[in-house]
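*Asks:* There's a structure below that I have some questions on.
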Amino acid sequence: MFVFRQLFDTASSTYTYLLADAGEALLIDPVFEHAPRDAALLRELGFGLVATLDTHVHADHVTGAWRLKQATGSRILVGADTGAHGADRLLAHGDEVRFGSRRLAVRATPGHTSGCLSFVLDDDSLAFTGDALLIRGCGRTDFQQGSARRLFESVQRQLLSLPPHCLLYPAHDYRGLTVTSVAEERRYNPRLGGEASVEDFEGYMGQLGLPHPRQMAVAVPANLRCGEPEDPSALPEPPGWAPLRLSFGGLWEIEPAVLAERLANAPLQLVDVREPHEFDDVLGHVPGARLLPLAELAARSGELDRGTPLVAICRSGTRSSQAITLLQKQGFEKVANLAGGMLRWRAEGLPVEGGGD
């Protein structure tokens, strides 16, 4: 089954796209800071990341390609004309990228930069246009070997020539728009649609007068390394007090078996946020857990030690995730949610106090 997700980075207004089929996934235009988020989503959906693809050498953010390769073993795919090094495969016009039973066709769409690529799904239902074609706009053409004439030709020949129903997904949008179509852009794009000529387009682009992106001096050199930091050892480390896993929702979780092992070797605060009648009900509770119902947590958080790692527990992991969010807002840093709550704890046969069969 084909799966498609559109993800977003608010800092740079960048869209990252996940495509998957038969357990194999691709990520288009991943963002460095969101690599843990993307890896968590892949894990939760049960997909193996085959490769990351960048539509061009970005000037406003650093790609997550290298970081995702370290985390998942995925391959890095970039355009052959980008000048980037460190990639596993250099893509050119006419190439294909396969995942599961599906494939993306590679189309060269230079003009925003010299190495821009767009990717078209095998049935022409979706296309990923990078900065070559935005929703009712397009990428600038005044740096990184950009050319308004080349961009006009790229868009007309490679993108607006696709079937009218083909949905177009850009690398950015700054107004909250998420998708457009070939038919819409042919008719309504003020720069490239309608009866616009290449002369019209060159005149328009020559008068934009935009400042350079704030992150350009950092992003371009980093992206020419496919996102590899100059000092990889300077990357932020995950919490060191236990082997934790980041959920797609952005919360650190601890597996029941890991928690059981840690209880014997390190001081932890176990906070059960269920109601009193549940604490000794059929599921019982983790030995050593303290009952502190979620409704009372905000008012009583001062009773907890901010320096000692804390694991929140509930029946299924839902209320305890709320508890983690609340505690983080109050300045607690070493906090994690018990994945699956008491249901999983009991299912894995771990020790309990109270409870029943």
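Please note that chains go A, B, ... in the order of the structure tokens, that every chain numbers its residues from 1, and that ligands are numbered from 1 in the order shown.
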Please provide the set of residues having any atom within 6 Å of segment 311-319 of chain A, restricted to only C-alpha atoms, with same-chain residues fewer than 4 positions apart removed, written as a VMD selection string.

*Replies:* chain A and resid 270 to 274 335 to 343

*Asks:* Those residues with N, CA and C atoms, as a PDB file, in the first residue's frame please?

*Replies:*
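After the write, out_27.pdb holds the following:
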ATOM      1  N   LEU A 270       9.128   7.182  39.984  1.00  0.00           N
ATOM      2  CA  LEU A 270       8.025   6.610  39.227  1.00  0.00           C
ATOM      3  C   LEU A 270       6.747   7.284  39.675  1.00  0.00           C
ATOM      4  N   VAL A 271       6.099   8.002  38.777  1.00  0.00           N
ATOM      5  CA  VAL A 271       4.897   8.761  39.105  1.00  0.00           C
ATOM      6  C   VAL A 271       3.729   8.189  38.324  1.00  0.00           C
ATOM      7  N   ASP A 272       2.811   7.564  39.023  1.00  0.00           N
ATOM      8  CA  ASP A 272       1.619   6.987  38.420  1.00  0.00           C
ATOM      9  C   ASP A 272       0.517   8.035  38.450  1.00  0.00           C
ATOM     10  N   VAL A 273       0.025   8.433  37.278  1.00  0.00           N
ATOM     11  CA  VAL A 273      -0.902   9.568  37.205  1.00  0.00           C
ATOM     12  C   VAL A 273      -2.350   9.116  37.024  1.00  0.00           C
ATOM     13  N   ARG A 274      -2.644   7.841  37.284  1.00  0.00           N
ATOM     14  CA  ARG A 274      -4.024   7.366  37.221  1.00  0.00           C
ATOM     15  C   ARG A 274      -4.804   7.834  38.460  1.00  0.00           C
ATOM     16  N   VAL A 335      12.700  13.548  32.042  1.00  0.00           N
ATOM     17  CA  VAL A 335      11.385  12.924  32.148  1.00  0.00           C
ATOM     18  C   VAL A 335      11.159  12.020  30.942  1.00  0.00           C
ATOM     19  N   ALA A 336      10.411  10.938  31.154  1.00  0.00           N
ATOM     20  CA  ALA A 336      10.067  10.025  30.072  1.00  0.00           C
ATOM     21  C   ALA A 336       8.734   9.370  30.375  1.00  0.00           C
ATOM     22  N   ASN A 337       8.098   8.916  29.338  1.00  0.00           N
ATOM     23  CA  ASN A 337       6.807   8.248  29.432  1.00  0.00           C
ATOM     24  C   ASN A 337       7.020   6.735  29.353  1.00  0.00           C
ATOM     25  N   LEU A 338       6.323   5.972  30.170  1.00  0.00           N
ATOM     26  CA  LEU A 338       6.387   4.523  30.061  1.00  0.00           C
ATOM     27  C   LEU A 338       5.585   4.097  28.832  1.00  0.00           C
ATOM     28  N   ALA A 339       6.277   3.599  27.821  1.00  0.00           N
ATOM     29  CA  ALA A 339       5.626   3.231  26.567  1.00  0.00           C
ATOM     30  C   ALA A 339       4.588   2.137  26.803  1.00  0.00           C
ATOM     31  N   GLY A 340       3.354   2.404  26.403  1.00  0.00           N
ATOM     32  CA  GLY A 340       2.294   1.419  26.546  1.00  0.00           C
ATOM     33  C   GLY A 340       1.689   1.321  27.922  1.00  0.00           C
ATOM     34  N   GLY A 341       2.230   2.045  28.892  1.00  0.00           N
ATOM     35  CA  GLY A 341       1.675   2.086  30.234  1.00  0.00           C
ATOM     36  C   GLY A 341       1.604   0.720  30.906  1.00  0.00           C
ATOM     37  N   MET A 342       0.698   0.611  31.879  1.00  0.00           N
ATOM     38  CA  MET A 342       0.566  -0.624  32.643  1.00  0.00           C
ATOM     39  C   MET A 342       0.066  -1.792  31.793  1.00  0.00           C
ATOM     40  N   LEU A 343      -0.630  -1.502  30.720  1.00  0.00           N
ATOM     41  CA  LEU A 343      -1.082  -2.586  29.846  1.00  0.00           C
ATOM     42  C   LEU A 343       0.112  -3.357  29.287  1.00  0.00           C
TER      43      LEU A 343
END

*Asks:* Applying 12 Å and only C-alpha atoms, which residues near Pro267 of chain A remain after dropping the ones on its own chain fewer than 2 positions away? List them as a list in words.

*Replies:*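 Result of the neighbour search: Trp241, Ala242, Leu259, Ala260, Glu261, Arg262, Leu263, Ala264, Asn265, Gln269, Leu270, Gly288, Asp305, Gly307, Thr308, Pro309, Leu310 and Val311 of chain A.
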
*Asks:* Got a sec: who's within 6 Å of Leu117 of chain A, counting only C-alpha atoms, leaving out chain neighbours fewer than 2 positions off, as a PyMOL selection string?

*Replies:* chain A and resi 55+107-109

*Asks:* May I ask which of the residues A:Arg346, A:Thr16, A:Gly48, A:Ala298 is the closest one to Asp173 of chain A, counting only C-alpha atoms?

*Replies:*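 Under the stated criterion, the closest residue is A:Thr16.
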
*Asks:* Using only C-alpha atoms, which residues sit within 8 Å of Pro163 of chain A once same-chain residues fewer than 6 positions away are excluded, as a PyMOL selection string?

*Replies:* chain A and resi 124+182-183

*Asks:* Could you please determine the separation between atom CA of Gly111 of chain A and atom CA of Ala92 of chain A in Å, to one decimal place?

*Replies:*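 Distance reported for this atom pair: 15.1 Å.
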
*Asks:* Which value, in Å to one decimal, gives the distance between atom CA of Ser74 of chain A and atom CA of Asp54 of chain A?

*Replies:*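 Straight-line distance from atom CA of Ser74 of chain A to atom CA of Asp54 of chain A works out to 13.3 Å.
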
*Asks:* Between atom CA of Leu224 of chain A and atom CA of Phe248 of chain A, what distance in Å does the model show, to one decimal?

*Replies:*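 Distance between the two atoms: 28.3 Å.
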
*Asks:* As an MDAnalysis selection string, which residues of segment 270-320 of chain A does DSSP assign to helix (DSSP H, G or I)?

*Replies:* chainID A and resid 276:279 294:303 318:320

*Asks:* Write out the residues from the selection above, keeping N, CA and C atoms, as a short mmCIF file (atom, residue, chain, number, x, y, z; two decimals), in the first residue's frame.

*Replies:*
data_model
loop_
_atom_site.label_atom_id
_atom_site.label_comp_id
_atom_site.auth_asym_id
_atom_site.auth_seq_id
_atom_site.Cartn_x
_atom_site.Cartn_y
_atom_site.Cartn_z
N PRO A 276 -6.92 7.16 42.01
CA PRO A 276 -6.63 6.26 43.14
C PRO A 276 -7.23 4.86 43.00
N HIS A 277 -8.47 4.77 42.50
CA HIS A 277 -9.08 3.45 42.40
C HIS A 277 -8.39 2.55 41.38
N GLU A 278 -7.64 3.16 40.44
CA GLU A 278 -6.94 2.37 39.43
C GLU A 278 -5.60 1.85 39.94
N PHE A 279 -5.05 2.53 40.93
CA PHE A 279 -3.68 2.22 41.39
C PHE A 279 -3.57 0.78 41.87
N LEU A 294 -3.24 12.81 37.59
CA LEU A 294 -2.95 13.85 36.60
C LEU A 294 -3.61 15.18 36.96
N ALA A 295 -4.83 15.13 37.48
CA ALA A 295 -5.54 16.37 37.81
C ALA A 295 -4.86 17.15 38.93
N GLU A 296 -4.04 16.47 39.74
CA GLU A 296 -3.36 17.12 40.86
C GLU A 296 -1.90 17.44 40.55
N LEU A 297 -1.41 17.00 39.41
CA LEU A 297 0.03 17.05 39.15
C LEU A 297 0.57 18.48 39.12
N ALA A 298 -0.11 19.37 38.45
CA ALA A 298 0.40 20.74 38.33
C ALA A 298 0.55 21.39 39.70
N ALA A 299 -0.44 21.19 40.55
CA ALA A 299 -0.40 21.82 41.88
C ALA A 299 0.61 21.16 42.80
N ARG A 300 0.93 19.90 42.57
CA ARG A 300 1.79 19.16 43.49
C ARG A 300 3.16 18.84 42.90
N SER A 301 3.51 19.43 41.77
CA SER A 301 4.80 19.11 41.15
C SER A 301 5.98 19.52 42.03
N GLY A 302 5.75 20.45 42.94
CA GLY A 302 6.82 20.85 43.86
C GLY A 302 7.24 19.73 44.80
N GLU A 303 6.43 18.68 44.91
CA GLU A 303 6.77 17.54 45.75
C GLU A 303 7.78 16.61 45.08
N THR A 318 -1.29 7.23 27.59
CA THR A 318 -1.92 8.45 27.08
C THR A 318 -1.91 9.58 28.11
N ARG A 319 -2.46 9.31 29.29
CA ARG A 319 -2.45 10.35 30.33
C ARG A 319 -1.03 10.69 30.77
N SER A 320 -0.17 9.69 30.81
CA SER A 320 1.20 9.96 31.24
C SER A 320 1.95 10.81 30.23
#

*Asks:* Extract, using only C-alpha atoms, all DNA, RNA and protein residues at most 7 Å from segment 58-61 of chain A, discarding same-chain residues fewer than 4 positions from it, and format them as a list of chain:residue names.

*Replies:*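 Within the cut-off, the hits are A:Ser12, A:Val31, A:Pro213, A:Arg214, A:Gln215, A:Met216, A:Ala219, A:Val220, A:Asn223.
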
*Asks:* Which neighbours of Glu33 of chain A fall inside 12 Å, counting only C-alpha atoms, when residues of the same chain fewer than 2 positions from it are skipped, and could you give them as an MDAnalysis selection string?

*Replies:* chainID A and resid 8:12 14 16 30:31 35:39 61:68 227 235:236

*Asks:* Output the selection as a PDB file, in the first residue's frame - C-alpha atoms for each residue.

*Replies:*
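The resulting file, selection_26.pdb, is shown below:
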ATOM      1  CA  PHE A   8       6.812  20.763   7.983  1.00  0.00           C
ATOM      2  CA  ASP A   9       9.642  22.821   9.469  1.00  0.00           C
ATOM      3  CA  THR A  10       8.342  26.116  10.835  1.00  0.00           C
ATOM      4  CA  ALA A  11      11.751  27.810  11.013  1.00  0.00           C
ATOM      5  CA  SER A  12      12.384  27.628   7.254  1.00  0.00           C
ATOM      6  CA  THR A  14      10.244  23.668   4.455  1.00  0.00           C
ATOM      7  CA  THR A  16       9.592  17.182   3.927  1.00  0.00           C
ATOM      8  CA  PRO A  30      14.590  16.265   5.091  1.00  0.00           C
ATOM      9  CA  VAL A  31      15.650  18.959   7.584  1.00  0.00           C
ATOM     10  CA  ALA A  35      15.889  13.922  11.652  1.00  0.00           C
ATOM     11  CA  PRO A  36      14.856  12.409  15.030  1.00  0.00           C
ATOM     12  CA  ARG A  37      11.210  13.246  14.266  1.00  0.00           C
ATOM     13  CA  ASP A  38      11.421  11.645  10.833  1.00  0.00           C
ATOM     14  CA  ALA A  39      13.179   8.555  12.160  1.00  0.00           C
ATOM     15  CA  HIS A  61      18.206  25.048   6.038  1.00  0.00           C
ATOM     16  CA  VAL A  62      20.612  22.156   6.404  1.00  0.00           C
ATOM     17  CA  THR A  63      19.528  18.818   4.984  1.00  0.00           C
ATOM     18  CA  GLY A  64      18.908  15.894   7.318  1.00  0.00           C
ATOM     19  CA  ALA A  65      20.375  13.409   4.817  1.00  0.00           C
ATOM     20  CA  TRP A  66      23.633  12.674   6.648  1.00  0.00           C
ATOM     21  CA  ARG A  67      21.988  12.504  10.049  1.00  0.00           C
ATOM     22  CA  LEU A  68      19.327  10.082   8.828  1.00  0.00           C
ATOM     23  CA  GLY A 227      24.454  17.752   5.823  1.00  0.00           C
ATOM     24  CA  LEU A 235      25.672  16.970  17.866  1.00  0.00           C
ATOM     25  CA  PRO A 236      23.223  17.078  20.779  1.00  0.00           C
TER      26      PRO A 236
END

*Asks:* Smallest atom-to-atom distance to Trp252 of chain A: which of A:Leu18, A:Leu27, A:Ala80, A:Ile324, using only C-alpha atoms?

*Replies:*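 Among the listed residues, the smallest separation from Trp252 of chain A belongs to A:Ile324.
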
*Asks:* Excluding Phe47 of chain A and any residue of its chain fewer than 5 positions from it, enumerate the residues within 7 Å of it, using only C-alpha atoms, and give them as a PDB file with C-alpha atoms, in the first residue's frame.

*Replies:*
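Output file result-v5.pdb is given in full below:
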ATOM      1  CA  GLY A  23       7.795  -1.383   3.836  1.00  0.00           C
ATOM      2  CA  GLU A  24      10.334   0.772   1.951  1.00  0.00           C
ATOM      3  CA  ALA A  25      10.372   4.561   2.288  1.00  0.00           C
ATOM      4  CA  LEU A  42       9.414   5.733  10.105  1.00  0.00           C
TER       5      LEU A  42
END

*Asks:* May I ask which of the residues A:Pro170, A:Pro110, A:Gly100, A:Pro256 is the closest one to Thr129 of chain A, counting only C-alpha atoms?

*Replies:*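 Selected residue with least distance to Thr129 of chain A: A:Pro170.
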
*Asks:* Per DSSP on the backbone, filter segment 86-255 of chain A down to the residues in strand (DSSP E) and report them as number ranges by chain.

*Replies:* A: 89-91, 96-99, 102-108, 117-121, 126-130, 167-170, 180-181, 245-246, 252-254
